[in-house]
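For reference, the structure is listed below as structure tokens.
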Amino acid sequence: MSGKGTGNERARARMQTVSRRAFVRGVTGAGLSLAGAYLAACGGGGGAARSTAQPAAQTTGAAAAVKTGGTLKLAYGLEPSSLDPHVGNSGGDDYYWYSMFDNLVAYDQKFVSQSDLSLAQKWEIADPTTIVFQIRPGVKFHDGTDFNAEVVKWNIERVLNPDVKSTARSFLLSIDRVETPDPLTARFVLKEPNAALMGLLGGRGGAMVSRAAVEKLGKEFGSRPVGTGPFQFVEWAPGDHVTVKKNPSYWGKDKNGVQLPYLDQVIYRIIPDPTVSFANLTTGEVHLAGINPKDLAAAQANPDLTVVKREGSGIASVMVANLAKAPLDNANLRRAVMWALDPAAVNKAVYFDTAVVADAGMWAPGTWVYAPVPSRPKHDPTKAKEYLRAGGAPDGFAFTMITYNTPILVQQAEIYQAQLAKVGIKATLEQRDVGAATSAFFTEGPFPLYSTSWSLYPEPDWVGSNCYTSTGFYNPMKKPITPELDDLVKKGRQTYDPEERKKIYARINEIVLGEAYFVPMLYGTAFVGFRKPVQNTGTLFGGEAKWRLKELWLKS
């Protein structure tokens, strides 16, 4: 669009207003559910999501009080599917790559864009289909190569390349091209207006990776990552640990001008069992770990620990159906499954009533488009049996359900398995590592149902484009769900009025839940335990509730 004329001037003014408000007016952060370490199988994220941390004197940390150096050890429950942010398929990957990579546009804890956190030091909406980014000068990748506009262009083209199979590709498809009029200017030319794009650039698609390293390492880049972030990669020992060290040339500073990160090194210990993780926390083997609800009372009573609570942190339990895989290609049999399940019982047995029974779709409390959906599936065995009869299986049927093999996910899947049996549905349970389970369901497609969890992203188009469209990575069918849905997702992405967007996403929720496709069972709350030496704990959660480590420090 040219930007000339009264109509286009009004559009431009509106776009600039949206830009100043980061395209996400009213959005608050939400991310990993429950204990943070165990519930991020998929995903990069009305009412504010809140974080309860240490007293202000410990979380603010004046420059004179900060002690730099030291090694932080943390326990984390998920093995990375990849350390390449563009191609990993697990939301748990974010906990690793956010420490090593920066985003073109980055966000604070309220999911508001901040130029001082971003690789673009400023941006302007030239017209509804043109965004101009001014690149931060002097930034280098960990391998010493320059970060500049040409690298931005290459990164976006890499994500959009179908051969790369990026999980972020679907929500950057509105980008027609990136122009580079000079080394520090990247002009995004869009095929169509996109109200979601600025928010989405804060996730996988906007993470900037080293072109030189990718071209040198090829597929090995996923296990030897190179970014511009506060920490740089040291090693990944699968099943045991990932180690990162301080980037001595990092461009970022705290509000007092002290260079970040404060720590010299971070060791992520990969501990899938939350009981083992908690034991390591209580003995001091690690400084930081997610807390399983069954251990919450013990953690809160431990004088050596500080517990931080993050409400609105994700989807603790969600059932995802493959609409093209028998027997759940039958809509009534899918509905029978969803109406047979009792998430309140799972909440009590597994989450000790710290989760919330879902009353809406994938946009949960803490996201600005959240709204209850009264017609959505809910526990009603009588209704489930009616759907069995309507689906031609009055005596029930059998299928295989996959989940990933952390204890808390297995426990909830086994309870669901028993609930299904009560209405005559026999579900055989298969377990795999999180990356393998996610690939098996969304890429290979042999399973009709995935019992999983989901990271929660504040920008609604992340779920819309990635899960509900025919091109979405997390659409296991890779074809339209309904004739209407692709068009609705596109409309939601192109609409800048927040109230109109809410109406669109409400309609999308009705369709998705009515089709028994993505059906959340429980919304989660995250609990994280810290050893007392860990300071600045209030900075842990980013805007999408993933862990950020660059402002943590250790008190002697």
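Residue numbering restarts at 1 in every chain; chains get A, B, ... in the order shown in the structure tokens, and ligands count up from 1 in that same order.
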(request) Name the residues in contact with Ala413 in chain A at a cut-off of 8 Å, using only C-alpha atoms, excluding same-chain residues fewer than 2 positions from it; report them as number ranges by chain. (result) A: 403, 409-411, 415-417, 429, 451
(message) Using only C-alpha atoms, which protein or nucleic acid residues come within 9 Å of Pro460 in chain A? Drop anything in the same chain fewer than 2 positions from it, and give the result as a ChimeraX atom specification.
(response) /A:45,196,362-363,367-369,457-458,462-465,492-493,505
Any chance you could export the current selection's N, CA and C atoms as a PDB file, in the first residue's frame?
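This went into again-v2.pdb:
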```pdb
ATOM      1  N   GLY A  45       3.409 -15.822  24.137  1.00  0.00           N
ATOM      2  CA  GLY A  45       3.350 -16.898  24.346  1.00  0.00           C
ATOM      3  C   GLY A  45       1.201 -16.269  24.299  1.00  0.00           C
ATOM      4  N   ALA A 196      -0.613  -9.485  14.390  1.00  0.00           N
ATOM      5  CA  ALA A 196       0.043 -10.428  15.305  1.00  0.00           C
ATOM      6  C   ALA A 196       1.556 -10.443  15.167  1.00  0.00           C
ATOM      7  N   MET A 362      -7.830 -22.702  24.025  1.00  0.00           N
ATOM      8  CA  MET A 362      -6.391 -22.616  24.215  1.00  0.00           C
ATOM      9  C   MET A 362      -5.943 -21.223  24.649  1.00  0.00           C
ATOM     10  N   TRP A 363      -6.821 -20.238  24.552  1.00  0.00           N
ATOM     11  CA  TRP A 363      -6.517 -18.896  25.074  1.00  0.00           C
ATOM     12  C   TRP A 363      -7.116 -18.814  26.468  1.00  0.00           C
ATOM     13  N   THR A 367      -4.627 -14.370  29.222  1.00  0.00           N
ATOM     14  CA  THR A 367      -4.492 -13.852  27.867  1.00  0.00           C
ATOM     15  C   THR A 367      -5.650 -12.897  27.600  1.00  0.00           C
ATOM     16  N   TRP A 368      -5.402 -11.903  26.771  1.00  0.00           N
ATOM     17  CA  TRP A 368      -6.391 -10.845  26.600  1.00  0.00           C
ATOM     18  C   TRP A 368      -7.604 -11.261  25.793  1.00  0.00           C
ATOM     19  N   VAL A 369      -7.552 -12.414  25.122  1.00  0.00           N
ATOM     20  CA  VAL A 369      -8.738 -12.875  24.387  1.00  0.00           C
ATOM     21  C   VAL A 369      -9.498 -13.971  25.128  1.00  0.00           C
ATOM     22  N   TYR A 457       0.937 -18.753  24.998  1.00  0.00           N
ATOM     23  CA  TYR A 457       1.523 -17.587  24.360  1.00  0.00           C
ATOM     24  C   TYR A 457       0.533 -16.439  24.330  1.00  0.00           C
ATOM     25  N   PRO A 458       0.954 -15.236  24.755  1.00  0.00           N
ATOM     26  CA  PRO A 458       0.019 -14.116  24.836  1.00  0.00           C
ATOM     27  C   PRO A 458      -0.575 -13.683  23.498  1.00  0.00           C
ATOM     28  N   TRP A 462      -0.428 -17.149  17.615  1.00  0.00           N
ATOM     29  CA  TRP A 462       0.527 -18.263  17.726  1.00  0.00           C
ATOM     30  C   TRP A 462      -0.222 -19.586  17.649  1.00  0.00           C
ATOM     31  N   VAL A 463      -1.253 -19.726  18.466  1.00  0.00           N
ATOM     32  CA  VAL A 463      -2.075 -20.938  18.426  1.00  0.00           C
ATOM     33  C   VAL A 463      -2.897 -20.976  17.153  1.00  0.00           C
ATOM     34  N   GLY A 464      -3.480 -19.835  16.789  1.00  0.00           N
ATOM     35  CA  GLY A 464      -4.346 -19.808  15.604  1.00  0.00           C
ATOM     36  C   GLY A 464      -3.640 -20.295  14.364  1.00  0.00           C
ATOM     37  N   SER A 465      -2.498 -19.707  14.040  1.00  0.00           N
ATOM     38  CA  SER A 465      -1.788 -20.081  12.815  1.00  0.00           C
ATOM     39  C   SER A 465      -1.091 -21.426  12.922  1.00  0.00           C
ATOM     40  N   GLY A 492      -8.487 -12.869  11.942  1.00  0.00           N
ATOM     41  CA  GLY A 492      -8.017 -12.479  13.267  1.00  0.00           C
ATOM     42  C   GLY A 492      -6.628 -11.877  13.229  1.00  0.00           C
ATOM     43  N   ARG A 493      -5.803 -12.402  12.364  1.00  0.00           N
ATOM     44  CA  ARG A 493      -4.423 -11.914  12.216  1.00  0.00           C
ATOM     45  C   ARG A 493      -4.402 -10.524  11.574  1.00  0.00           C
ATOM     46  N   TYR A 505     -11.828 -14.621  17.681  1.00  0.00           N
ATOM     47  CA  TYR A 505     -11.252 -15.753  18.401  1.00  0.00           C
ATOM     48  C   TYR A 505     -12.303 -16.502  19.217  1.00  0.00           C
TER      49      TYR A 505
END
```
(request) Output as a VMD selection string all residues of range 284-456 of chain A that backbone DSSP marks as alpha helix (DSSP H). (result) chain A and resid 296 to 301 331 to 340 343 to 350 381 to 390 407 to 421 434 to 439
Selection above as a file: C-alpha atoms, as a tab-separated table (two decimals), in the first residue's frame:
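Output below, filename again_28.tsv:
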```tsv
chain	number	residue	atom	x	y	z
A	296	LEU	CA	4.61	-27.56	47.58
A	297	ALA	CA	3.82	-27.63	51.31
A	298	ALA	CA	7.25	-29.07	52.11
A	299	ALA	CA	8.94	-26.45	49.95
A	300	GLN	CA	7.05	-23.59	51.57
A	301	ALA	CA	7.97	-24.90	55.03
A	331	ALA	CA	-16.54	-36.46	15.23
A	332	ASN	CA	-19.04	-38.06	17.60
A	333	LEU	CA	-16.46	-40.53	18.88
A	334	ARG	CA	-14.08	-37.63	19.52
A	335	ARG	CA	-16.81	-35.90	21.47
A	336	ALA	CA	-17.49	-39.09	23.42
A	337	VAL	CA	-13.83	-39.10	24.52
A	338	MET	CA	-13.81	-35.46	25.59
A	339	TRP	CA	-17.11	-35.59	27.47
A	340	ALA	CA	-16.05	-38.77	29.30
A	343	PRO	CA	-10.33	-33.05	34.75
A	344	ALA	CA	-11.45	-32.12	38.27
A	345	ALA	CA	-10.45	-35.60	39.43
A	346	VAL	CA	-7.05	-35.20	37.76
A	347	ASN	CA	-6.65	-31.79	39.36
A	348	LYS	CA	-7.25	-33.27	42.79
A	349	ALA	CA	-5.11	-36.39	42.38
A	350	VAL	CA	-2.20	-34.98	40.36
A	381	PRO	CA	-20.67	-39.67	31.17
A	382	THR	CA	-24.31	-39.73	30.05
A	383	LYS	CA	-23.54	-37.27	27.28
A	384	ALA	CA	-20.44	-39.29	26.36
A	385	LYS	CA	-22.59	-42.42	25.90
A	386	GLU	CA	-25.02	-40.47	23.72
A	387	TYR	CA	-22.12	-39.51	21.47
A	388	LEU	CA	-20.99	-43.15	21.36
A	389	ARG	CA	-24.40	-44.15	20.08
A	390	ALA	CA	-24.44	-41.28	17.60
A	407	PRO	CA	5.75	-38.76	35.68
A	408	ILE	CA	3.13	-36.04	36.04
A	409	LEU	CA	1.96	-36.41	32.42
A	410	VAL	CA	1.90	-40.20	32.66
A	411	GLN	CA	-0.07	-40.05	35.90
A	412	GLN	CA	-2.77	-37.82	34.45
A	413	ALA	CA	-2.97	-39.90	31.24
A	414	GLU	CA	-3.49	-43.06	33.30
A	415	ILE	CA	-6.37	-41.42	35.15
A	416	TYR	CA	-7.94	-40.39	31.85
A	417	GLN	CA	-7.46	-43.96	30.63
A	418	ALA	CA	-9.48	-45.26	33.60
A	419	GLN	CA	-12.20	-42.65	33.08
A	420	LEU	CA	-12.61	-43.63	29.44
A	421	ALA	CA	-12.94	-47.27	30.41
A	434	VAL	CA	8.68	-35.26	24.72
A	435	GLY	CA	10.36	-34.49	21.38
A	436	ALA	CA	9.69	-37.96	20.04
A	437	ALA	CA	6.07	-37.93	21.21
A	438	THR	CA	5.43	-34.52	19.66
A	439	SER	CA	7.02	-35.55	16.36
```
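Taking CA of Leu328 in chain A as the reference point, CA of Ala516 in chain A is found at 9.6 Å.
Picture a line from CA of Asn148 in chain A to CA of Arg136 in chain A; it runs 8.0 Å.
Restricting the calculation to only C-alpha atoms, the smallest distance between Glu484 in chain A and any of A:Val512, A:Lys502, A:Ala106, A:Asp127 is found for A:Val512.
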Each residue of range 387-506 of chain A lying at most 8 Å from range 306-319 of chain A should get a row with its shortest atom-to-atom pair and the distance in Å to one decimal, counting only C-alpha atoms; could you produce that, ordered by chain and increasing number, as JSON lines?
```
{"residue": "A:Leu449", "atom": "CA", "partner": "A:Met319", "partner_atom": "CA", "distance": 6.8}
{"residue": "A:Tyr450", "atom": "CA", "partner": "A:Met319", "partner_atom": "CA", "distance": 5.8}
{"residue": "A:Ser451", "atom": "CA", "partner": "A:Met319", "partner_atom": "CA", "distance": 4.9}
{"residue": "A:Thr452", "atom": "CA", "partner": "A:Val318", "partner_atom": "CA", "distance": 5.5}
{"residue": "A:Ser453", "atom": "CA", "partner": "A:Ser317", "partner_atom": "CA", "distance": 4.7}
{"residue": "A:Trp454", "atom": "CA", "partner": "A:Ile315", "partner_atom": "CA", "distance": 5.0}
{"residue": "A:Ser455", "atom": "CA", "partner": "A:Gly314", "partner_atom": "CA", "distance": 5.1}
{"residue": "A:Leu456", "atom": "CA", "partner": "A:Gly314", "partner_atom": "CA", "distance": 4.6}
```
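The list of residues with at least one atom within 8 Å of Ile267 in chain A, based on only C-alpha atoms and without residues fewer than 4 positions apart in the same chain, reads A:Thr71, A:Leu72, A:Lys73, A:Leu74, A:His241, A:Val242, A:Thr243, A:Val244.
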Any chance you can output those residues with N, CA, C and O atoms as a compact mmCIF listing (two decimals), in the first residue's frame?
```
# COMPACT_ATOMS: atom_id res chain seq x y z
N THR A 71 28.37 -19.96 39.42
CA THR A 71 27.67 -20.95 38.59
C THR A 71 26.33 -21.27 39.21
O THR A 71 26.25 -21.68 40.38
N LEU A 72 25.28 -21.08 38.45
CA LEU A 72 23.93 -21.44 38.87
C LEU A 72 23.61 -22.82 38.32
O LEU A 72 23.76 -23.08 37.13
N LYS A 73 23.13 -23.70 39.20
CA LYS A 73 22.68 -25.02 38.77
C LYS A 73 21.17 -25.09 38.94
O LYS A 73 20.65 -24.75 40.00
N LEU A 74 20.50 -25.50 37.89
CA LEU A 74 19.05 -25.62 37.97
C LEU A 74 18.61 -26.99 37.49
O LEU A 74 19.29 -27.63 36.68
N HIS A 241 22.75 -33.02 31.04
CA HIS A 241 22.83 -31.59 31.30
C HIS A 241 23.09 -30.80 30.02
O HIS A 241 23.55 -31.33 29.02
N VAL A 242 22.79 -29.51 30.10
CA VAL A 242 23.20 -28.51 29.12
C VAL A 242 23.92 -27.41 29.90
O VAL A 242 23.42 -26.94 30.93
N THR A 243 25.09 -27.00 29.42
CA THR A 243 25.88 -25.97 30.08
C THR A 243 26.06 -24.77 29.17
O THR A 243 26.38 -24.93 27.98
N VAL A 244 25.85 -23.58 29.72
CA VAL A 244 26.11 -22.34 29.01
C VAL A 244 26.99 -21.45 29.88
O VAL A 244 27.00 -21.58 31.10
```
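Minimum atom-to-atom distances from A:Trp547, A:Tyr370, A:Tyr96, A:Phe527 to Thr354 in chain A were compared using only C-alpha atoms, and the lowest value belongs to A:Phe527.
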